[in-house]
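Pasted below: work16.cif, mmCIF, C-alpha atoms.
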data_work
#
loop_
_atom_site.label_atom_id
_atom_site.label_comp_id
_atom_site.auth_asym_id
_atom_site.auth_seq_id
_atom_site.Cartn_x
_atom_site.Cartn_y
_atom_site.Cartn_z
CA MET A 1 62.09 -49.15 31.37
CA PRO A 2 60.53 -47.44 34.40
CA GLU A 3 58.82 -49.51 37.06
CA PRO A 4 54.99 -49.43 36.96
CA GLN A 5 53.66 -46.98 39.48
CA GLU A 6 51.53 -48.16 42.35
CA VAL A 7 47.95 -46.94 42.44
CA PRO A 8 46.60 -46.19 45.93
CA VAL A 9 43.65 -48.34 46.92
CA TYR A 10 41.07 -46.57 49.06
CA ASP A 11 38.30 -48.19 51.05
CA LEU A 12 36.05 -45.53 49.59
CA VAL A 13 36.26 -42.78 47.03
CA GLY A 14 33.60 -40.09 47.16
CA VAL A 15 32.38 -38.45 43.97
CA GLY A 16 31.40 -34.89 44.86
CA PHE A 17 32.04 -33.02 48.09
CA GLY A 18 28.86 -31.25 49.10
CA PRO A 19 27.34 -31.53 52.59
CA SER A 20 26.58 -35.27 52.25
CA ASN A 21 30.08 -36.45 51.39
CA LEU A 22 31.54 -33.85 53.74
CA ALA A 23 29.53 -35.50 56.51
CA LEU A 24 30.88 -38.88 55.38
CA ALA A 25 34.46 -37.56 55.46
CA ILE A 26 33.84 -36.43 59.04
CA ALA A 27 32.38 -39.83 59.96
CA VAL A 28 35.50 -41.52 58.54
CA THR A 29 37.76 -39.11 60.45
CA GLU A 30 35.96 -39.78 63.72
CA HIS A 31 35.99 -43.53 63.12
CA ASN A 32 39.74 -43.50 62.50
CA ALA A 33 40.32 -41.42 65.63
CA GLY A 34 38.49 -44.07 67.64
CA GLY A 35 41.34 -46.57 67.41
CA GLY A 36 39.63 -49.17 65.22
CA ALA A 37 40.83 -50.49 61.89
CA ALA A 38 41.44 -47.42 59.79
CA VAL A 39 39.26 -46.57 56.80
CA THR A 40 41.09 -44.99 53.87
CA ALA A 41 39.05 -42.46 51.93
CA HIS A 42 39.41 -39.71 49.38
CA PHE A 43 36.88 -37.34 47.85
CA LEU A 44 36.88 -35.68 44.44
CA GLU A 45 35.15 -32.34 43.86
CA ARG A 46 35.02 -30.48 40.56
CA GLN A 47 34.59 -27.06 42.18
CA PRO A 48 37.83 -25.22 43.03
CA ARG A 49 36.78 -24.95 46.68
CA PHE A 50 33.93 -25.97 48.92
CA GLY A 51 30.62 -24.33 48.06
CA TRP A 52 26.96 -25.12 48.62
CA HIS A 53 24.32 -23.17 46.68
CA ARG A 54 26.42 -20.03 46.80
CA GLY A 55 24.16 -18.32 44.30
CA MET A 56 21.32 -18.30 46.82
CA LEU A 57 23.19 -17.18 49.95
CA LEU A 58 20.94 -14.17 50.44
CA ASP A 59 21.79 -12.00 53.42
CA ASN A 60 18.54 -12.52 55.31
CA ALA A 61 17.66 -16.06 54.21
CA THR A 62 17.46 -18.61 57.03
CA MET A 63 17.79 -22.36 57.09
CA GLN A 64 14.59 -24.39 57.00
CA VAL A 65 16.06 -27.09 59.21
CA SER A 66 17.17 -26.99 62.84
CA PHE A 67 20.86 -26.38 63.54
CA LEU A 68 20.76 -29.68 65.49
CA LYS A 69 20.42 -31.46 62.15
CA ASP A 70 23.92 -30.45 61.20
CA LEU A 71 26.61 -32.74 59.75
CA VAL A 72 27.12 -34.82 62.89
CA THR A 73 24.84 -34.25 65.89
CA MET A 74 22.18 -36.84 65.06
CA ARG A 75 24.96 -39.43 64.74
CA ASN A 76 27.41 -38.19 67.39
CA PRO A 77 26.18 -35.44 69.73
CA ALA A 78 29.65 -35.12 71.27
CA SER A 79 31.36 -34.42 67.93
CA GLU A 80 33.84 -31.57 67.63
CA PHE A 81 32.38 -30.98 64.14
CA SER A 82 28.97 -29.87 65.42
CA PHE A 83 27.38 -26.51 64.68
CA LEU A 84 27.65 -25.68 68.38
CA SER A 85 31.39 -26.41 68.28
CA TYR A 86 31.63 -24.11 65.27
CA LEU A 87 29.81 -21.34 67.15
CA HIS A 88 32.13 -21.78 70.13
CA SER A 89 35.18 -21.53 67.87
CA GLN A 90 33.82 -18.29 66.40
CA GLY A 91 33.03 -16.75 69.79
CA ARG A 92 29.29 -16.61 69.05
CA LEU A 93 27.86 -19.45 71.15
CA VAL A 94 26.38 -17.21 73.85
CA ASP A 95 25.03 -14.79 71.24
CA PHE A 96 23.35 -17.64 69.37
CA ILE A 97 21.78 -18.99 72.56
CA ASN A 98 20.42 -15.53 73.37
CA HIS A 99 19.03 -15.35 69.83
CA LYS A 100 16.56 -18.13 70.80
CA ASN A 101 16.39 -19.46 67.27
CA LEU A 102 16.68 -23.00 65.90
CA PHE A 103 17.22 -21.78 62.35
CA PRO A 104 20.50 -20.00 61.63
CA LEU A 105 21.11 -17.69 58.72
CA ARG A 106 21.97 -19.57 55.55
CA ILE A 107 25.21 -17.63 55.18
CA GLU A 108 26.16 -18.63 58.72
CA PHE A 109 25.39 -22.30 58.10
CA HIS A 110 27.43 -22.17 54.91
CA ASP A 111 30.32 -20.76 56.94
CA TYR A 112 29.92 -23.72 59.29
CA LEU A 113 30.13 -26.09 56.32
CA GLU A 114 33.30 -24.36 55.08
CA TRP A 115 34.77 -24.52 58.60
CA SER A 116 34.05 -28.25 58.72
CA ALA A 117 35.44 -28.84 55.22
CA ALA A 118 38.69 -27.11 56.15
CA LYS A 119 39.16 -29.55 59.04
CA VAL A 120 39.13 -32.54 56.67
CA ASP A 121 40.75 -30.96 53.62
CA ASP A 122 43.43 -33.66 53.58
CA LEU A 123 40.72 -36.07 52.37
CA VAL A 124 39.56 -34.06 49.35
CA SER A 125 40.97 -32.97 46.00
CA TYR A 126 39.24 -29.89 44.63
CA GLY A 127 39.21 -29.04 40.95
CA ARG A 128 38.98 -32.74 40.08
CA GLU A 129 35.99 -33.78 37.96
CA VAL A 130 35.26 -37.48 37.63
CA ALA A 131 35.14 -38.66 34.02
CA GLY A 132 34.22 -42.29 34.55
CA ILE A 133 34.28 -45.37 36.78
CA THR A 134 35.37 -48.75 35.48
CA PRO A 135 35.96 -52.18 37.01
CA VAL A 136 39.57 -53.20 37.43
CA PRO A 137 40.36 -56.11 35.10
CA GLY A 138 40.85 -59.28 37.10
CA GLU A 139 39.80 -57.60 40.37
CA GLU A 140 36.12 -58.12 41.20
CA THR A 141 36.20 -55.89 44.25
CA LEU A 142 37.91 -52.81 42.83
CA PHE A 143 36.94 -49.80 40.73
CA ASP A 144 39.14 -47.30 38.94
CA VAL A 145 37.83 -43.76 39.32
CA ARG A 146 39.30 -41.60 36.57
CA THR A 147 39.24 -37.82 36.49
CA THR A 148 39.17 -35.58 33.46
CA ASP A 149 42.82 -34.66 34.02
CA GLY A 150 43.94 -38.30 33.82
CA GLN A 151 44.26 -39.12 37.51
CA VAL A 152 43.33 -42.61 38.73
CA PHE A 153 41.92 -43.39 42.17
CA ARG A 154 41.33 -47.05 42.96
CA ALA A 155 38.46 -47.85 45.30
CA ARG A 156 36.76 -50.75 46.97
CA ASN A 157 33.62 -48.61 47.27
CA VAL A 158 32.40 -45.48 45.52
CA VAL A 159 29.97 -43.10 47.21
CA PHE A 160 28.12 -40.68 44.95
CA GLY A 161 27.33 -37.32 46.52
CA THR A 162 26.90 -35.37 43.32
CA GLY A 163 24.01 -33.25 44.54
CA LEU A 164 21.19 -31.84 42.45
CA ARG A 165 20.93 -30.36 38.98
CA PRO A 166 18.86 -27.25 38.15
CA ASN A 167 15.47 -28.12 36.72
CA LEU A 168 14.02 -25.98 33.92
CA PRO A 169 10.74 -26.42 32.02
CA GLU A 170 11.01 -28.19 28.69
CA GLY A 171 12.24 -25.87 25.97
CA VAL A 172 13.72 -23.27 28.32
CA THR A 173 17.45 -22.62 28.25
CA THR A 174 19.40 -20.14 30.30
CA SER A 175 20.99 -17.04 28.78
CA ASP A 176 22.19 -13.59 29.80
CA ARG A 177 18.59 -12.64 30.64
CA ILE A 178 17.04 -16.02 31.53
CA TRP A 179 18.47 -17.65 34.66
CA HIS A 180 17.83 -20.49 37.04
CA ASN A 181 17.74 -19.16 40.58
CA HIS A 182 20.98 -20.94 41.57
CA GLN A 183 22.78 -18.35 39.39
CA LEU A 184 21.20 -15.36 41.12
CA LEU A 185 24.04 -13.90 43.18
CA HIS A 186 26.66 -14.89 40.63
CA ARG A 187 25.03 -12.74 37.95
CA ILE A 188 22.88 -10.10 39.61
CA GLY A 189 25.77 -7.63 39.86
CA LYS A 190 25.67 -7.09 36.11
CA VAL A 191 22.01 -6.01 36.14
CA THR A 192 21.34 -2.30 36.46
CA ASP A 193 18.00 -0.48 36.61
CA PRO A 194 15.68 -3.11 35.13
CA GLU A 195 12.12 -2.01 34.43
CA ARG A 196 10.57 -5.43 35.00
CA CYS A 197 11.73 -8.76 36.43
CA VAL A 198 9.74 -12.00 36.29
CA VAL A 199 10.10 -14.88 38.73
CA VAL A 200 8.60 -18.26 37.85
CA GLY A 201 7.92 -20.71 40.68
CA ALA A 202 5.96 -21.11 43.90
CA GLY A 203 8.46 -22.53 46.40
CA GLN A 204 10.76 -21.05 49.02
CA SER A 205 13.44 -20.07 46.50
CA ALA A 206 10.90 -18.37 44.25
CA ALA A 207 9.52 -16.35 47.16
CA GLU A 208 13.03 -15.41 48.32
CA VAL A 209 14.06 -14.30 44.82
CA THR A 210 10.86 -12.27 44.48
CA ALA A 211 11.50 -10.44 47.76
CA PHE A 212 15.19 -9.97 46.91
CA LEU A 213 14.52 -8.40 43.49
CA HIS A 214 11.75 -6.22 44.94
CA ASP A 215 14.22 -4.85 47.50
CA ARG A 216 17.23 -4.57 45.21
CA PHE A 217 15.52 -2.67 42.39
CA PRO A 218 13.16 -0.14 44.04
CA ARG A 219 11.99 1.28 40.69
CA ALA A 220 11.39 -2.07 38.97
CA GLU A 221 8.19 -4.04 38.66
CA VAL A 222 8.58 -7.61 39.94
CA CYS A 223 6.11 -10.20 38.67
CA SER A 224 5.70 -13.56 40.38
CA VAL A 225 4.16 -16.27 38.19
CA PHE A 226 3.01 -19.62 39.54
CA ALA A 227 0.31 -22.22 38.96
CA ARG A 228 -0.98 -22.33 42.54
CA TYR A 229 -3.61 -19.94 43.78
CA GLY A 230 -1.23 -18.70 46.43
CA TYR A 231 2.08 -19.49 48.04
CA SER A 232 1.58 -22.58 50.22
CA PRO A 233 3.09 -22.56 53.71
CA SER A 234 5.58 -25.25 54.62
CA ASP A 235 4.36 -27.68 57.25
CA ASP A 236 6.92 -27.71 60.02
CA SER A 237 4.55 -28.90 62.73
CA SER A 238 5.91 -31.41 65.22
CA PHE A 239 4.05 -34.48 64.06
CA ALA A 240 4.60 -33.81 60.37
CA ASN A 241 8.31 -33.32 61.00
CA ARG A 242 8.52 -36.94 62.11
CA ILE A 243 8.67 -37.78 58.40
CA PHE A 244 12.31 -36.64 58.66
CA ASP A 245 13.16 -38.94 61.59
CA PRO A 246 15.69 -41.72 60.99
CA GLU A 247 13.02 -44.26 61.95
CA ALA A 248 10.80 -42.89 59.19
CA VAL A 249 13.36 -44.05 56.63
CA ASP A 250 12.94 -47.63 57.86
CA ALA A 251 9.16 -47.35 57.70
CA PHE A 252 9.21 -45.83 54.23
CA TYR A 253 11.71 -48.30 52.82
CA THR A 254 9.62 -51.34 53.79
CA ALA A 255 6.24 -49.80 52.89
CA PRO A 256 4.27 -50.98 49.82
CA GLU A 257 4.67 -48.81 46.73
CA ASP A 258 1.17 -47.32 46.97
CA VAL A 259 1.82 -46.30 50.59
CA LYS A 260 5.10 -44.66 49.59
CA ARG A 261 3.27 -42.59 46.99
CA ARG A 262 0.62 -41.55 49.49
CA LEU A 263 3.18 -40.57 52.11
CA MET A 264 5.03 -38.41 49.59
CA ASP A 265 1.75 -36.80 48.56
CA TYR A 266 0.64 -36.24 52.15
CA HIS A 267 3.89 -34.70 53.32
CA GLY A 268 5.32 -33.07 50.22
CA ASN A 269 4.44 -29.69 51.74
CA THR A 270 7.08 -30.22 54.42
CA ASN A 271 9.64 -29.48 51.71
CA TYR A 272 8.48 -29.21 48.10
CA SER A 273 6.94 -25.98 46.71
CA ALA A 274 6.39 -24.70 50.23
CA VAL A 275 7.29 -21.34 51.73
CA ASP A 276 7.96 -20.13 55.28
CA LEU A 277 4.83 -18.47 56.58
CA ASP A 278 6.74 -15.35 57.68
CA LEU A 279 7.93 -14.80 54.11
CA ILE A 280 4.43 -15.33 52.73
CA ASP A 281 3.10 -12.73 55.17
CA ASP A 282 5.91 -10.33 54.23
CA LEU A 283 5.11 -10.56 50.51
CA TYR A 284 1.41 -10.09 51.19
CA ARG A 285 2.14 -6.97 53.26
CA ARG A 286 4.15 -5.57 50.36
CA VAL A 287 1.30 -6.14 47.91
CA TYR A 288 -1.23 -4.59 50.27
CA ARG A 289 1.00 -1.60 51.08
CA GLU A 290 1.44 -0.85 47.39
CA LYS A 291 -2.31 -1.01 46.83
CA VAL A 292 -2.75 1.56 49.57
CA GLN A 293 -0.05 3.74 48.01
CA GLY A 294 -1.51 3.34 44.53
CA VAL A 295 1.81 2.19 43.01
CA GLN A 296 1.88 -1.51 42.27
CA ARG A 297 5.41 -2.83 41.81
CA LEU A 298 4.91 -6.35 43.12
CA ARG A 299 2.44 -8.21 40.92
CA ILE A 300 1.30 -11.75 41.68
CA PHE A 301 0.13 -13.78 38.69
CA ASN A 302 -1.37 -16.72 40.55
CA ALA A 303 -3.04 -19.72 38.88
CA CYS A 304 -1.03 -18.87 35.77
CA ARG A 305 1.58 -20.56 33.63
CA PRO A 306 4.14 -19.34 31.10
CA ILE A 307 3.21 -20.54 27.62
CA ASP A 308 5.84 -18.79 25.53
CA VAL A 309 9.24 -17.23 26.24
CA ASP A 310 11.23 -15.40 23.58
CA GLU A 311 14.35 -13.31 23.82
CA THR A 312 14.28 -10.06 21.93
CA GLU A 313 16.99 -7.47 21.24
CA SER A 314 15.89 -5.50 24.28
CA GLY A 315 14.88 -8.25 26.72
CA VAL A 316 12.59 -11.23 27.21
CA ARG A 317 8.96 -11.45 26.13
CA MET A 318 6.93 -13.90 28.17
CA ALA A 319 3.32 -14.82 27.47
CA ILE A 320 1.43 -16.20 30.45
CA GLU A 321 -1.98 -17.81 30.57
CA SER A 322 -4.53 -17.86 33.37
CA LEU A 323 -5.40 -21.42 34.26
CA THR A 324 -8.88 -20.37 35.38
CA THR A 325 -9.98 -18.04 32.57
CA GLY A 326 -7.57 -18.75 29.75
CA GLU A 327 -6.77 -15.03 29.53
CA LYS A 328 -3.31 -14.31 28.15
CA THR A 329 -0.94 -11.57 29.31
CA VAL A 330 2.31 -10.55 27.65
CA LEU A 331 5.13 -9.36 29.91
CA ASP A 332 8.22 -7.63 28.47
CA ALA A 333 10.99 -8.12 31.00
CA ASP A 334 14.66 -7.34 31.43
CA LEU A 335 15.21 -10.48 33.47
CA VAL A 336 13.41 -13.82 33.99
CA VAL A 337 14.41 -16.08 36.88
CA TYR A 338 13.14 -19.65 36.99
CA ALA A 339 12.96 -20.94 40.55
CA THR A 340 11.69 -24.29 39.38
CA GLY A 341 13.63 -26.63 41.60
CA TYR A 342 16.22 -29.29 41.09
CA ARG A 343 16.45 -32.92 40.01
CA PRO A 344 18.86 -35.58 41.29
CA ALA A 345 22.00 -36.18 39.26
CA ASP A 346 22.04 -39.60 37.54
CA PRO A 347 25.21 -41.42 38.66
CA THR A 348 24.94 -44.05 35.92
CA SER A 349 26.26 -41.57 33.36
CA LEU A 350 29.69 -42.15 34.96
CA LEU A 351 29.45 -45.92 35.18
CA GLY A 352 29.88 -46.97 31.56
CA GLU A 353 29.46 -50.74 31.26
CA LEU A 354 28.63 -50.96 34.97
CA ALA A 355 25.40 -49.04 34.44
CA ALA A 356 23.73 -52.01 32.76
CA LYS A 357 24.49 -54.14 35.82
CA CYS A 358 22.54 -51.82 38.15
CA ARG A 359 19.00 -53.12 38.68
CA ARG A 360 15.99 -50.87 38.11
CA ASP A 361 12.35 -51.13 39.12
CA GLU A 362 9.29 -51.18 36.88
CA GLN A 363 9.40 -47.40 36.58
CA GLY A 364 13.05 -47.35 35.52
CA ARG A 365 14.32 -46.09 38.87
CA LEU A 366 17.53 -47.43 40.36
CA ARG A 367 16.97 -50.09 42.97
CA VAL A 368 18.76 -49.26 46.21
CA GLU A 369 19.38 -51.38 49.30
CA ARG A 370 18.45 -50.07 52.73
CA ASP A 371 22.13 -49.18 53.30
CA TYR A 372 22.03 -46.95 50.16
CA ARG A 373 24.02 -49.48 48.10
CA LEU A 374 22.94 -49.87 44.51
CA VAL A 375 21.42 -53.26 43.75
CA ALA A 376 23.96 -54.79 41.37
CA PRO A 377 24.43 -58.51 42.16
CA ASP A 378 27.15 -58.96 39.55
CA VAL A 379 29.23 -56.08 40.97
CA LYS A 380 31.23 -57.12 44.01
CA ALA A 381 32.54 -53.69 44.94
CA GLY A 382 30.12 -51.18 46.48
CA LEU A 383 28.30 -48.32 44.78
CA TYR A 384 26.45 -46.06 47.23
CA LEU A 385 24.09 -43.14 46.65
CA GLN A 386 23.69 -40.00 48.73
CA GLY A 387 20.68 -38.44 47.02
CA GLY A 388 18.35 -39.63 44.30
CA THR A 389 16.72 -42.17 46.60
CA GLU A 390 13.41 -40.45 47.36
CA HIS A 391 11.54 -43.34 45.74
CA SER A 392 13.15 -45.88 48.05
CA HIS A 393 14.10 -44.02 51.23
CA GLY A 394 11.66 -41.12 51.34
CA ILE A 395 11.70 -37.36 51.50
CA THR A 396 14.99 -36.99 53.41
CA ALA A 397 17.06 -38.40 50.53
CA SER A 398 18.28 -35.01 49.29
CA LEU A 399 17.89 -33.02 52.52
CA LEU A 400 20.16 -32.22 55.45
CA SER A 401 17.72 -33.68 57.98
CA ASN A 402 19.03 -37.23 57.95
CA THR A 403 22.52 -36.68 56.53
CA ALA A 404 24.44 -37.41 59.73
CA VAL A 405 22.60 -40.67 60.30
CA ARG A 406 22.78 -41.72 56.64
CA VAL A 407 26.57 -41.38 56.42
CA GLY A 408 26.88 -43.46 59.58
CA GLU A 409 24.81 -46.18 57.95
CA ILE A 410 26.90 -46.09 54.77
CA LEU A 411 30.16 -46.25 56.70
CA ARG A 412 28.85 -49.15 58.79
CA SER A 413 27.85 -50.98 55.61
CA ILE A 414 31.33 -50.53 54.16
CA LEU A 415 32.92 -51.78 57.39
CA ASP A 416 30.60 -54.77 57.62
CA ARG A 417 31.42 -55.83 54.05
CA ARG A 418 35.19 -55.79 54.55
CA GLU A 419 37.12 -58.99 54.00
CA PRO A 420 37.93 -60.06 57.58
CA SER A 421 41.28 -61.52 56.60
CA PHE A 422 42.54 -58.32 55.02
CA ASP A 423 45.28 -56.50 56.93
CA TRP A 424 44.13 -52.86 57.22
CA PRO A 425 45.73 -50.58 56.34
CA ALA A 426 49.01 -52.43 55.67
CA GLN A 427 47.93 -53.66 52.24
CA TYR A 428 47.10 -50.14 51.11
CA ALA A 429 48.35 -50.30 47.54
CA VAL A 430 48.20 -52.83 44.73
CA SER A 431 51.56 -53.00 42.99
CA GLY A 432 52.36 -53.66 39.37
CA VAL A 433 49.63 -51.36 38.02
CA LYS A 434 50.58 -48.58 35.67
CA ALA A 435 48.73 -45.29 36.27
CA GLU A 436 48.99 -41.59 35.82
CA GLU A 437 50.50 -39.53 38.61
CA TRP A 438 48.10 -39.38 41.52
CA ALA A 439 47.63 -36.99 44.36
#
Write-out of the structure in structure tokens:
Amino acid sequence: MPEPQEVPVYDLVGVGFGPSNLALAIAVTEHNAGGGAAVTAHFLERQPRFGWHRGMLLDNATMQVSFLKDLVTMRNPASEFSFLSYLHSQGRLVDFINHKNLFPLRIEFHDYLEWSAAKVDDLVSYGREVAGITPVPGEETLFDVRTTDGQVFRARNVVFGTGLRPNLPEGVTTSDRIWHNHQLLHRIGKVTDPERCVVVGAGQSAAEVTAFLHDRFPRAEVCSVFARYGYSPSDDSSFANRIFDPEAVDAFYTAPEDVKRRLMDYHGNTNYSAVDLDLIDDLYRRVYREKVQGVQRLRIFNACRPIDVDETESGVRMAIESLTTGEKTVLDADLVVYATGYRPADPTSLLGELAAKCRRDEQGRLRVERDYRLVAPDVKAGLYLQGGTEHSHGITASLLSNTAVRVGEILRSILDRREPSFDWPAQYAVSGVKAEEWA
């Protein structure tokens, strides 16, 4: 009879490997290089390779956050994983400085993320989707993280960095002709000579998709439909941007619930349903130019909402209604793109029986400690969230702005909760446990 196989025990296993858990992997790497007690970590990503919103990597789209708020600089300005280090490695540092711009192209920043991911690829398994997380029988401080292909990763802490899920209005499902904007570049190559495209949404992505389709299909009519009277500019003024400061997380976390709601309402236009002013001006110039030319291809249906969407044999029929007059307009389109945002992924779907042990507030939201640890007094091992904590930690929860600082706080929490008598990393595996082959 074969001997039971040992299962590796990691200090932390990360579920998902987007920018947040990539930043955590870098923080672990830098900590281990510092000569202290090593932290063992592994990350599981269902995608076959690193990718971050690839469907919206438009050629001329820029980041809406300063390059200084990269994966590391706010935590460790001397890091070799910084965006400036990336530029130096690519021979573009001087060119970027001469560019005099805080906001790099999105495709360039994505290349930086890929460059960073490649430097820590020994810590991640791609093509591994997590199926569930269960407590280890008889071990209060350990979880088993199981993947859909039967692998088992044992962890003292699990950090969820599962990103966001596309949000669609109730009753709308995607199809060959109805997309969410995150699918744009993956599918646009199959579209030829449309007569009309419709974009639903009022935020940055909606405006970018509108401009992109207007450029790509010079004979097509592009209709932008949104409930606002006009695109609203994002507020990136200096004082408003302090809502993204690390200190603002402390202030928000300890604030009364009514103050949290007010702060989110006051400063939602720093991020949500807000558009760069240059892009707003560009779209307005297009509309005005076409009026002068007498050929209107870009049509703005402001203060309107879709009330009915039906696919036909030849396309999509959308009925929209004016919120001010009640007038209805029917648009027959070849393509409808919903740029209607994202919602946080719910980690409890992976937790099975553990989900019931996670405390929630009066509104059913997960309660989260200041160090991003789920409040679960009966669970001795740690469950941490990167994202989905807007209600507790504020507007930076799903943004890059505070990522570097947040991962430092999570790593510090994991280190502080270690058993001081444990010999790290000598006792790396628990023997006598049967498991599937692990990588």
Quiz prompt | Å distance separating atom CA of A:Arg146 from atom CA of A:Leu399, one decimal place | solution =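 Computed distance, atom CA of A:Arg146 to atom CA of A:Leu399, equals 28.0 Å.
Neighbours of A:Ile307 closer than or equal to 8 Å, with all atoms listed in the file counted and sequence neighbours fewer than 6 positions away skipped, come out as A:Met318, A:Ala319, A:Ile320, A:Glu321.
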Quiz item: For the atom pair atom CA of A:Glu208 and atom CA of A:Asp111, what is the interatomic distance in Å to one decimal place?
Solution: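 Atom CA of A:Glu208 sits 20.0 Å away from atom CA of A:Asp111.
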Exercise. Would you mind listing what lies within 10 Å of A:Ser175 as a count of residues only, with all atoms listed in the file counted and same-chain residues fewer than 3 positions away left out?
Key: 7
Starting from the shown file, work through the PyMOL selection byres ((chain A and resi 69) around 12) and note down what comes out as an mmCIF file with C-alpha atoms, in the coordinates of the input.
data_model
loop_
_atom_site.group_PDB
_atom_site.id
_atom_site.type_symbol
_atom_site.label_atom_id
_atom_site.label_comp_id
_atom_site.auth_asym_id
_atom_site.auth_seq_id
_atom_site.Cartn_x
_atom_site.Cartn_y
_atom_site.Cartn_z
ATOM 1 C CA PRO A 19 27.340 -31.530 52.590
ATOM 2 C CA ALA A 23 29.530 -35.500 56.510
ATOM 3 C CA MET A 63 17.790 -22.360 57.090
ATOM 4 C CA GLN A 64 14.590 -24.390 57.000
ATOM 5 C CA VAL A 65 16.060 -27.090 59.210
ATOM 6 C CA SER A 66 17.170 -26.990 62.840
ATOM 7 C CA PHE A 67 20.860 -26.380 63.540
ATOM 8 C CA LEU A 68 20.760 -29.680 65.490
ATOM 9 C CA ASP A 70 23.920 -30.450 61.200
ATOM 10 C CA LEU A 71 26.610 -32.740 59.750
ATOM 11 C CA VAL A 72 27.120 -34.820 62.890
ATOM 12 C CA THR A 73 24.840 -34.250 65.890
ATOM 13 C CA MET A 74 22.180 -36.840 65.060
ATOM 14 C CA ARG A 75 24.960 -39.430 64.740
ATOM 15 C CA ASN A 76 27.410 -38.190 67.390
ATOM 16 C CA PRO A 77 26.180 -35.440 69.730
ATOM 17 C CA SER A 82 28.970 -29.870 65.420
ATOM 18 C CA PHE A 83 27.380 -26.510 64.680
ATOM 19 C CA LEU A 84 27.650 -25.680 68.380
ATOM 20 C CA LEU A 102 16.680 -23.000 65.900
ATOM 21 C CA PHE A 103 17.220 -21.780 62.350
ATOM 22 C CA PRO A 104 20.500 -20.000 61.630
ATOM 23 C CA PHE A 109 25.390 -22.300 58.100
ATOM 24 C CA PHE A 244 12.310 -36.640 58.660
ATOM 25 C CA ASP A 245 13.160 -38.940 61.590
ATOM 26 C CA PRO A 246 15.690 -41.720 60.990
ATOM 27 C CA THR A 396 14.990 -36.990 53.410
ATOM 28 C CA LEU A 399 17.890 -33.020 52.520
ATOM 29 C CA LEU A 400 20.160 -32.220 55.450
ATOM 30 C CA SER A 401 17.720 -33.680 57.980
ATOM 31 C CA ASN A 402 19.030 -37.230 57.950
ATOM 32 C CA THR A 403 22.520 -36.680 56.530
ATOM 33 C CA ALA A 404 24.440 -37.410 59.730
ATOM 34 C CA VAL A 405 22.600 -40.670 60.300
ATOM 35 C CA ARG A 406 22.780 -41.720 56.640
#
Self-check item: Selection result of the PyMOL selection byres ((chain A and resi 340) around 10) on this file, as an NGL selection string
Solution: :A and (166-169 or 180-181 or 199-203 or 205-206 or 226 or 273 or 337-339 or 341-343)
Quiz item: Can you tell me, as a count of residues only, what residues are no more than 12 Å from stretch 354-371 of chain A when counting all atoms listed in the file, ignoring any on the same chain fewer than 3 positions away?
Solution: 57
Quiz item: Which residue gives the smallest distance to A:Tyr372 among A:Thr312, A:Pro256, A:Phe160, A:Val330, with only C-alpha atoms counted?
Solution: A:Phe160
Self-check item: Of the listed residues A:Leu142, A:Arg299, A:Ile395, A:Val124, that which approaches A:Arg261 most closely, counting only C-alpha atoms
Solution: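 Smallest distance to A:Arg261 is found for A:Ile395.
If you measure from each of A:Lys100, A:Arg242, A:Arg187, A:Arg305 to A:Thr270 using all atoms listed in the file, the closest one turns out to be A:Arg242.
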Self-check item: Residue IDs satisfying the PyMOL selection byres ((chain A and resi 224) around 6), as an MDAnalysis selection string
Solution: chainID A and resid 198:199 223 225 300:301
Quiz prompt | Distance in Å - atom CA of A:His186 versus atom CA of A:Asp308 | solution = 26.0 Å
Self-check item: Nearest residue to A:Val130 from the set A:Asp149, A:Asp276, A:Asp235, A:Asp215 (distances using only C-alpha atoms)
Solution: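 Nearest candidate to A:Val130 out of A:Asp149, A:Asp276, A:Asp235, A:Asp215: A:Asp149.
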Exercise. Would you mind telling me which residue in A:Phe212, A:Tyr10, A:Phe96, A:Tyr231 lies nearest to A:Asp281 when using only C-alpha atoms?
Key: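 Comparing A:Phe212, A:Tyr10, A:Phe96, A:Tyr231 against A:Asp281, the winner is A:Tyr231.
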Quiz item: Which is closest to A:Pro8 among A:Thr210, A:Pro218, A:Gln204, A:Thr40, if we use all atoms listed in the file?
Solution: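 Ranking A:Thr210, A:Pro218, A:Gln204, A:Thr40 by distance to A:Pro8, first place goes to A:Thr40.
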Quiz prompt | Contact residues around A:Gly14 with all atoms listed in the file at 9 Å, ignoring same-chain residues under 4 positions, as a list in words | solution =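 Using all atoms listed in the file, the neighbours found are Asn21, Leu24, Ala25, Ala41, His42, Phe43, Leu44, Glu45, Val124, Asn157, Val158, Val159, Phe160 and Gly161 of chain A.
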